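See below for protein_39.csv, which holds CSV, C-alpha atoms.
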chain,number,residue,atom,x,y,z
A,30,MET,CA,16.0,18.7,-14.9
A,31,GLY,CA,14.9,21.1,-12.1
A,32,VAL,CA,14.4,19.8,-8.6
A,33,LEU,CA,10.6,20.0,-8.9
A,34,ASP,CA,10.6,18.2,-12.2
A,35,GLN,CA,12.3,15.3,-10.4
A,36,PHE,CA,9.0,14.6,-8.6
A,37,ARG,CA,7.0,14.0,-11.7
A,38,LEU,CA,5.8,10.6,-12.8
A,39,ASP,CA,5.1,11.4,-16.5
A,40,GLY,CA,5.2,8.2,-18.6
A,41,HIS,CA,4.7,5.9,-15.7
A,42,VAL,CA,1.9,3.3,-15.4
A,43,ALA,CA,1.0,2.3,-11.8
A,44,VAL,CA,-1.1,-0.4,-10.2
A,45,VAL,CA,-2.6,0.2,-6.7
A,46,THR,CA,-4.2,-2.7,-4.9
A,47,GLY,CA,-6.8,-1.9,-2.3
A,48,GLY,CA,-7.3,1.3,-4.3
A,49,GLY,CA,-11.0,1.8,-3.9
A,50,ARG,CA,-10.9,3.9,-0.7
A,51,GLY,CA,-8.7,5.3,2.0
A,52,ILE,CA,-5.0,5.1,1.6
A,53,GLY,CA,-5.2,3.3,-1.7
A,54,ARG,CA,-7.4,6.0,-3.2
A,55,GLY,CA,-5.1,8.7,-1.9
A,56,ILE,CA,-2.1,7.0,-3.6
A,57,ALA,CA,-3.9,6.5,-6.9
A,58,LEU,CA,-4.9,10.1,-7.1
A,59,ALA,CA,-1.5,11.4,-6.1
A,60,PHE,CA,0.1,9.3,-8.9
A,61,ALA,CA,-2.4,10.7,-11.4
A,62,GLU,CA,-1.7,14.3,-10.3
A,63,ALA,CA,2.0,13.6,-10.7
A,64,GLY,CA,1.4,12.4,-14.3
A,65,ALA,CA,1.0,8.6,-14.1
A,66,ASP,CA,-1.7,6.4,-15.6
A,67,VAL,CA,-3.2,4.2,-12.9
A,68,ALA,CA,-4.9,0.8,-12.7
A,69,VAL,CA,-7.0,0.7,-9.5
A,70,ALA,CA,-7.9,-2.7,-8.0
A,71,ALA,CA,-10.0,-3.8,-5.1
A,72,ARG,CA,-12.9,-6.2,-4.2
A,73,ARG,CA,-15.7,-3.6,-4.6
A,74,ALA,CA,-16.0,-2.9,-8.3
A,75,HIS,CA,-18.1,0.2,-7.9
A,76,GLU,CA,-15.5,1.8,-5.7
A,77,VAL,CA,-12.6,1.2,-8.0
A,78,GLU,CA,-14.6,2.4,-10.9
A,79,ALA,CA,-15.3,5.6,-9.0
A,80,VAL,CA,-11.6,6.2,-8.3
A,81,ALA,CA,-10.7,5.4,-11.9
A,82,GLU,CA,-13.2,8.1,-12.9
A,83,GLU,CA,-11.4,10.5,-10.6
A,84,VAL,CA,-8.1,9.6,-12.2
A,85,ARG,CA,-9.5,10.2,-15.7
A,86,ALA,CA,-10.9,13.6,-14.5
A,87,LEU,CA,-7.2,14.5,-13.8
A,88,GLY,CA,-6.4,13.9,-17.4
A,89,ARG,CA,-4.8,10.4,-17.0
A,90,ARG,CA,-5.8,7.0,-18.3
A,91,SER,CA,-7.1,4.5,-15.8
A,92,LEU,CA,-8.2,0.9,-15.5
A,93,ALA,CA,-10.7,-0.3,-12.9
A,94,VAL,CA,-10.3,-4.0,-11.8
A,95,GLY,CA,-12.7,-5.6,-9.4
A,96,MET,CA,-10.7,-8.5,-7.8
A,97,ASP,CA,-9.6,-10.1,-4.5
A,98,VAL,CA,-5.9,-10.1,-3.9
A,99,LEU,CA,-6.4,-13.4,-2.0
A,100,ASP,CA,-7.2,-15.0,-5.4
A,101,TRP,CA,-3.6,-15.4,-6.2
A,102,PRO,CA,-3.7,-15.8,-10.0
A,103,ALA,CA,-5.9,-12.6,-10.1
A,104,ASN,CA,-2.7,-10.6,-9.2
A,105,ASP,CA,-1.0,-12.0,-12.4
A,106,ARG,CA,-4.1,-11.2,-14.4
A,107,LEU,CA,-4.1,-7.7,-13.0
A,108,ALA,CA,-0.5,-7.1,-14.1
A,109,GLU,CA,-1.1,-8.6,-17.5
A,110,ALA,CA,-4.3,-6.5,-18.0
A,111,THR,CA,-2.5,-3.3,-17.0
A,112,VAL,CA,0.2,-3.9,-19.7
A,113,ALA,CA,-2.5,-4.8,-22.3
A,114,GLU,CA,-4.7,-1.8,-21.6
A,115,LEU,CA,-2.2,0.9,-20.5
A,116,GLY,CA,0.9,-0.2,-22.4
A,117,LYS,CA,3.3,-1.1,-19.7
A,118,LEU,CA,3.8,-1.5,-15.9
A,119,THR,CA,6.4,0.6,-14.0
A,120,ILE,CA,4.9,1.0,-10.5
A,121,TRP,CA,3.1,-1.5,-8.3
A,122,VAL,CA,1.8,-0.7,-4.8
A,123,ASN,CA,0.9,-3.5,-2.5
A,124,ASN,CA,-1.6,-1.6,-0.4
A,125,ALA,CA,-4.4,-4.2,0.1
A,126,GLY,CA,-4.4,-5.6,3.6
A,127,GLY,CA,-5.7,-5.1,7.1
A,128,ASN,CA,-7.8,-7.1,9.5
A,129,LEU,CA,-10.8,-8.7,7.8
A,130,ASP,CA,-12.9,-9.5,10.8
A,131,ARG,CA,-12.2,-6.2,12.5
A,132,THR,CA,-11.5,-8.0,15.8
A,133,GLN,CA,-8.6,-7.4,18.2
A,134,ARG,CA,-7.1,-10.5,19.8
A,135,ASN,CA,-4.1,-11.4,21.9
A,136,LEU,CA,-1.7,-13.7,20.1
A,137,VAL,CA,-2.4,-16.8,22.3
A,138,ASP,CA,-6.1,-16.3,21.7
A,139,THR,CA,-5.8,-16.1,17.9
A,140,PRO,CA,-7.4,-19.1,16.1
A,141,GLU,CA,-5.1,-20.7,13.5
A,142,ASP,CA,-7.4,-19.9,10.6
A,143,VAL,CA,-7.4,-16.2,11.6
A,144,TRP,CA,-3.6,-16.2,11.8
A,145,ASP,CA,-3.3,-17.9,8.4
A,146,THR,CA,-5.7,-15.4,6.9
A,147,LEU,CA,-3.8,-12.4,8.2
A,148,VAL,CA,-0.5,-13.8,7.0
A,149,ASP,CA,-2.1,-14.3,3.6
A,150,LEU,CA,-3.7,-10.9,3.4
A,151,ASN,CA,-0.9,-8.8,4.8
A,152,LEU,CA,2.2,-10.6,3.6
A,153,LYS,CA,1.6,-13.3,1.0
A,154,THR,CA,-0.4,-10.8,-1.1
A,155,ALA,CA,2.7,-8.5,-1.2
A,156,TRP,CA,5.0,-11.3,-2.1
A,157,TRP,CA,2.7,-12.4,-4.9
A,158,GLY,CA,2.1,-8.9,-6.1
A,159,ALA,CA,5.9,-8.3,-6.3
A,160,LYS,CA,6.3,-11.5,-8.3
A,161,ALA,CA,3.5,-10.5,-10.7
A,162,ALA,CA,4.9,-7.0,-11.1
A,163,ALA,CA,8.5,-8.1,-11.6
A,164,GLU,CA,7.5,-10.3,-14.5
A,165,GLN,CA,6.0,-7.4,-16.3
A,166,MET,CA,8.5,-4.6,-15.6
A,167,ALA,CA,10.6,-4.9,-18.7
A,168,GLU,CA,11.8,-1.4,-18.4
A,169,GLY,CA,12.5,-1.5,-14.6
A,170,GLY,CA,10.3,0.1,-12.1
A,171,ASN,CA,9.2,0.6,-8.5
A,172,ILE,CA,7.4,-1.6,-6.0
A,173,ILE,CA,6.0,-0.1,-2.8
A,174,ASN,CA,4.8,-2.1,0.1
A,175,ILE,CA,2.4,-0.5,2.6
A,176,SER,CA,3.4,-1.6,6.1
A,177,SER,CA,2.5,0.1,9.5
A,178,VAL,CA,4.3,1.7,12.4
A,179,ALA,CA,2.9,-1.3,14.4
A,180,ALA,CA,5.7,-3.3,12.8
A,181,TRP,CA,8.3,-1.7,15.1
A,182,GLY,CA,7.0,-2.3,18.5
A,183,ALA,CA,4.9,-4.6,20.7
A,184,SER,CA,1.3,-4.6,19.6
A,185,PRO,CA,-1.0,-6.0,22.3
A,186,SER,CA,-4.3,-7.2,20.8
A,187,ALA,CA,-2.9,-6.8,17.2
A,188,GLY,CA,0.0,-9.2,17.3
A,189,PRO,CA,-0.7,-11.1,14.0
A,190,TYR,CA,-1.3,-7.9,12.1
A,191,ALA,CA,1.9,-6.3,13.5
A,192,ALA,CA,4.0,-9.5,12.8
A,193,THR,CA,3.0,-9.6,9.2
A,194,LYS,CA,3.7,-5.9,8.8
A,195,SER,CA,7.1,-6.4,10.4
A,196,ALA,CA,7.9,-9.3,8.0
A,197,MET,CA,6.9,-7.1,5.1
A,198,ILE,CA,9.8,-4.7,6.0
A,199,ASN,CA,12.3,-7.5,5.9
A,200,MET,CA,10.8,-8.8,2.6
A,201,THR,CA,11.2,-5.3,1.1
A,202,LYS,CA,14.9,-5.3,1.9
A,203,THR,CA,15.4,-8.7,0.3
A,204,LEU,CA,13.4,-7.8,-2.8
A,205,ALA,CA,15.4,-4.6,-3.2
A,206,MET,CA,18.6,-6.7,-3.4
A,207,GLU,CA,17.2,-9.4,-5.6
A,208,LEU,CA,15.4,-7.2,-8.1
A,209,ALA,CA,18.2,-4.6,-8.4
A,210,PRO,CA,19.7,-6.3,-11.5
A,211,GLN,CA,16.3,-5.7,-13.2
A,212,LYS,CA,16.4,-2.0,-12.2
A,213,ILE,CA,13.5,-2.4,-9.9
A,214,ARG,CA,13.5,-0.4,-6.7
A,215,VAL,CA,11.5,-1.7,-3.8
A,216,ASN,CA,10.6,0.5,-0.8
A,217,CYS,CA,8.1,0.5,2.0
A,218,ILE,CA,5.9,3.0,3.7
A,219,ALA,CA,4.8,2.6,7.3
A,220,PRO,CA,1.7,4.7,8.0
A,221,GLY,CA,0.8,5.8,11.5
A,222,LEU,CA,-2.6,7.0,12.6
A,223,VAL,CA,-4.6,7.3,9.3
A,224,PRO,CA,-8.3,7.0,10.2
A,225,THR,CA,-9.7,4.7,7.5
A,226,GLU,CA,-13.0,2.7,7.6
A,227,MET,CA,-11.1,-0.4,8.8
A,228,PHE,CA,-9.4,1.6,11.5
A,229,PHE,CA,-12.7,2.9,12.9
A,230,GLU,CA,-14.3,-0.6,12.8
A,231,THR,CA,-11.4,-2.3,14.4
A,232,MET,CA,-10.5,0.2,17.1
A,233,LYS,CA,-14.2,1.0,17.9
A,234,VAL,CA,-13.5,4.7,18.2
A,235,ASP,CA,-15.3,7.8,16.7
A,236,GLU,CA,-13.9,10.8,14.9
A,237,ALA,CA,-13.6,12.8,18.1
A,238,ALA,CA,-11.4,10.1,19.7
A,239,VAL,CA,-9.2,10.1,16.6
A,240,GLU,CA,-8.9,13.9,16.6
A,241,ASN,CA,-7.8,13.7,20.2
A,242,MET,CA,-5.3,10.9,19.4
A,243,GLY,CA,-3.9,13.0,16.5
A,244,SER,CA,-3.5,16.1,18.7
A,245,GLN,CA,-1.1,14.2,20.9
A,246,LEU,CA,1.3,13.4,18.0
A,247,PRO,CA,4.3,15.7,17.4
A,248,ALA,CA,2.7,16.9,14.2
A,249,GLY,CA,-0.5,17.7,16.0
A,250,ARG,CA,-3.0,15.9,13.8
A,251,ALA,CA,-4.0,12.5,12.5
A,252,GLY,CA,-2.8,11.5,9.1
A,253,LYS,CA,-4.6,11.7,5.8
A,254,PRO,CA,-4.5,9.4,2.7
A,255,GLU,CA,-2.8,12.3,0.9
A,256,ASP,CA,0.1,12.1,3.3
A,257,ILE,CA,0.8,8.5,2.2
A,258,GLY,CA,0.2,9.4,-1.5
A,259,ALA,CA,2.9,12.1,-1.3
A,260,ALA,CA,5.4,9.6,0.1
A,261,ALA,CA,4.5,7.1,-2.6
A,262,VAL,CA,5.0,9.7,-5.4
A,263,TYR,CA,8.4,10.5,-3.9
A,264,PHE,CA,9.6,6.9,-3.8
A,265,CYS,CA,8.6,6.3,-7.4
A,266,SER,CA,10.0,9.6,-8.8
A,267,PRO,CA,13.4,10.4,-10.2
A,268,ALA,CA,14.1,12.3,-6.9
A,269,ALA,CA,14.4,8.9,-5.1
A,270,GLU,CA,16.3,7.0,-7.8
A,271,TRP,CA,19.2,6.4,-5.3
A,272,ILE,CA,16.8,4.9,-2.6
A,273,THR,CA,15.8,1.3,-2.4
A,274,GLY,CA,15.2,-1.2,0.4
A,275,GLN,CA,14.1,1.5,2.8
A,276,THR,CA,11.0,2.0,5.0
A,277,LEU,CA,9.7,5.5,5.6
A,278,ALA,CA,7.4,6.1,8.6
A,279,VAL,CA,4.7,8.6,7.7
A,280,SER,CA,3.2,8.9,11.1
A,281,GLY,CA,3.2,12.4,12.5
A,282,GLY,CA,6.4,11.9,14.4
A,283,PRO,CA,7.8,9.4,17.0
A,284,THR,CA,5.2,8.0,19.4
A,285,GLY,CA,5.1,5.3,22.0
A,286,THR,CA,1.5,4.4,21.2
A,287,ARG,CA,0.3,1.8,18.7
A,288,GLU,CA,-1.6,2.7,15.6
A,289,MET,CA,-3.3,0.2,13.4
Taking this structure as input, can you express it in the form of structure tokens?
Amino acid sequence: MGVLDQFRLDGHVAVVTGGGRGIGRGIALAFAEAGADVAVAARRAHEVEAVAEEVRALGRRSLAVGMDVLDWPANDRLAEATVAELGKLTIWVNNAGGNLDRTQRNLVDTPEDVWDTLVDLNLKTAWWGAKAAAEQMAEGGNIINISSVAAWGASPSAGPYAATKSAMINMTKTLAMELAPQKIRVNCIAPGLVPTEMFFETMKVDEAAVENMGSQLPAGRAGKPEDIGAAAVYFCSPAAEWITGQTLAVSGGPTGTREM
């Protein structure tokens, strides 16, 4: 097998949660371009169907599932439906997450119900998704958790979000050890400044501000969903078969600032 062939995903079947837009869409399309069939799941059914059509246009099979990852049994149903419709499940990406009310708060000012919701959305969903995936990965496979560079430093006004993303990194390491006997690799991607709809609504900035922020990064620009998609393809490909329990920052280079 040549080195470029090692980055193919032919024969794989992937699930991408939060796949209707932004980073999730970028990952789903990258998987399809690399040869995988893709089940796309998110709350907005019309968005996941649109992405599923894009996957099909690339010559791959796709399943569009409108669901809320906070409906815990829906994750199990998603895994089961993927196997039933696409034949198997070999890749699961826990991408759904964020900040539902688009409000920045200090930790001591965070209401308990908001804290609980963020823990559920950004951490428990990944745990449940990993459980659902592992039950269906009879041939082994890959689980990817989408964290954030906010996990590695102090995050004033985004403490609950950052704490959950930091916990996700630890969970990734533990899952990698526990699922190794099933030949399931578990890795994590920590995006930096990738301007999604949620980013704009939470940070209250415009495109010009994001362009300026990106220009200050070592790479000289903000990130794109395609950047995260490429990293996801790598982690799931034969090229990374000796890598598990790791977190890759896809962030435009080291920075002392916080991205969310």
Excluding Leu107 in chain A and its own-chain neighbours fewer than 3 positions away, which residues fall within 10 Å of it when counting all atoms listed in the file? Please give them as a ChimeraX atom specification.
/A:44,46,68-70,92-96,98,102-104,110-113,158,161-162
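The coordinates place CA of Val178 in chain A at 5.5 Å from CA of Gly221 in chain A.
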Between A:Val80, A:Val42, A:Leu33, A:Ala196, which residue has the minimum interatomic distance to Arg54 in chain A, considering only C-alpha atoms?
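Closest candidate: A:Val80.
Comparing A:Asp97, A:Asp138, A:Glu109, A:Glu164 by their smallest distance to Gly188 in chain A, the closest is A:Asp138 (using all atoms listed in the file).
Interatomic distance, CA of Ser195 in chain A to CA of Ala219 in chain A: 9.8 Å.
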How many Å lie between CA of Leu87 in chain A and CA of Glu114 in chain A, rounded to one decimal?
18.2 Å
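Nearest to Glu76 in chain A of all the residues A:Trp121, A:Gly51, A:Ile218, A:Val32 is A:Gly51, based on only C-alpha atoms.
Nearest residue to Met200 in chain A among A:Leu58, A:Ala167, A:Asn151, A:Arg134 is A:Asn151, counting all atoms listed in the file.
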Per-residue nearest contacts of range 122-192 of chain A to range 228-247 of chain A (8 Å; only C-alpha atoms) as CSV:
residue,atom,partner,partner_atom,distance
A:Asn128,CA,A:Thr231,CA,7.7
A:Arg131,CA,A:Thr231,CA,4.4
A:Thr132,CA,A:Thr231,CA,5.9
A:Gln133,CA,A:Thr231,CA,6.9
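Closest approach to Ala269 in chain A among A:Val143, A:Val215, A:Ala163, A:Val77 is made by A:Val215 (distances from all atoms listed in the file).
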Tell me, as a list of chain:residue names, which residues lie within 8 Å of Ala155 in chain A, counting only C-alpha atoms; anything in the same chain fewer than 2 positions away does not count.
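Close residues of Ala155 in chain A: A:Asn123, A:Asn151, A:Leu152, A:Lys153, A:Trp157, A:Gly158, A:Ala159, A:Asn174, A:Met197.
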Contact residues around Glu270 in chain A with all atoms listed in the file at 12 Å, ignoring same-chain residues under 5 positions, as an MDAnalysis selection string:
chainID A and resid 35:36 169:171 209 212:216 262:265
Counting all atoms listed in the file, what is within 6 Å of range 253-260 of chain A, bar same-chain residues fewer than 3 positions away, as a list in words?
Gly51, Ile52, Gly55, Ile56, Ala59, Val223 and Tyr263 of chain A
Excluding Gly47 in chain A and residues on its chain fewer than 6 positions from it, collect all residues at most 7 Å away from it, counting all atoms listed in the file, and give them as number ranges by chain.
A: 53, 70-71, 124-125
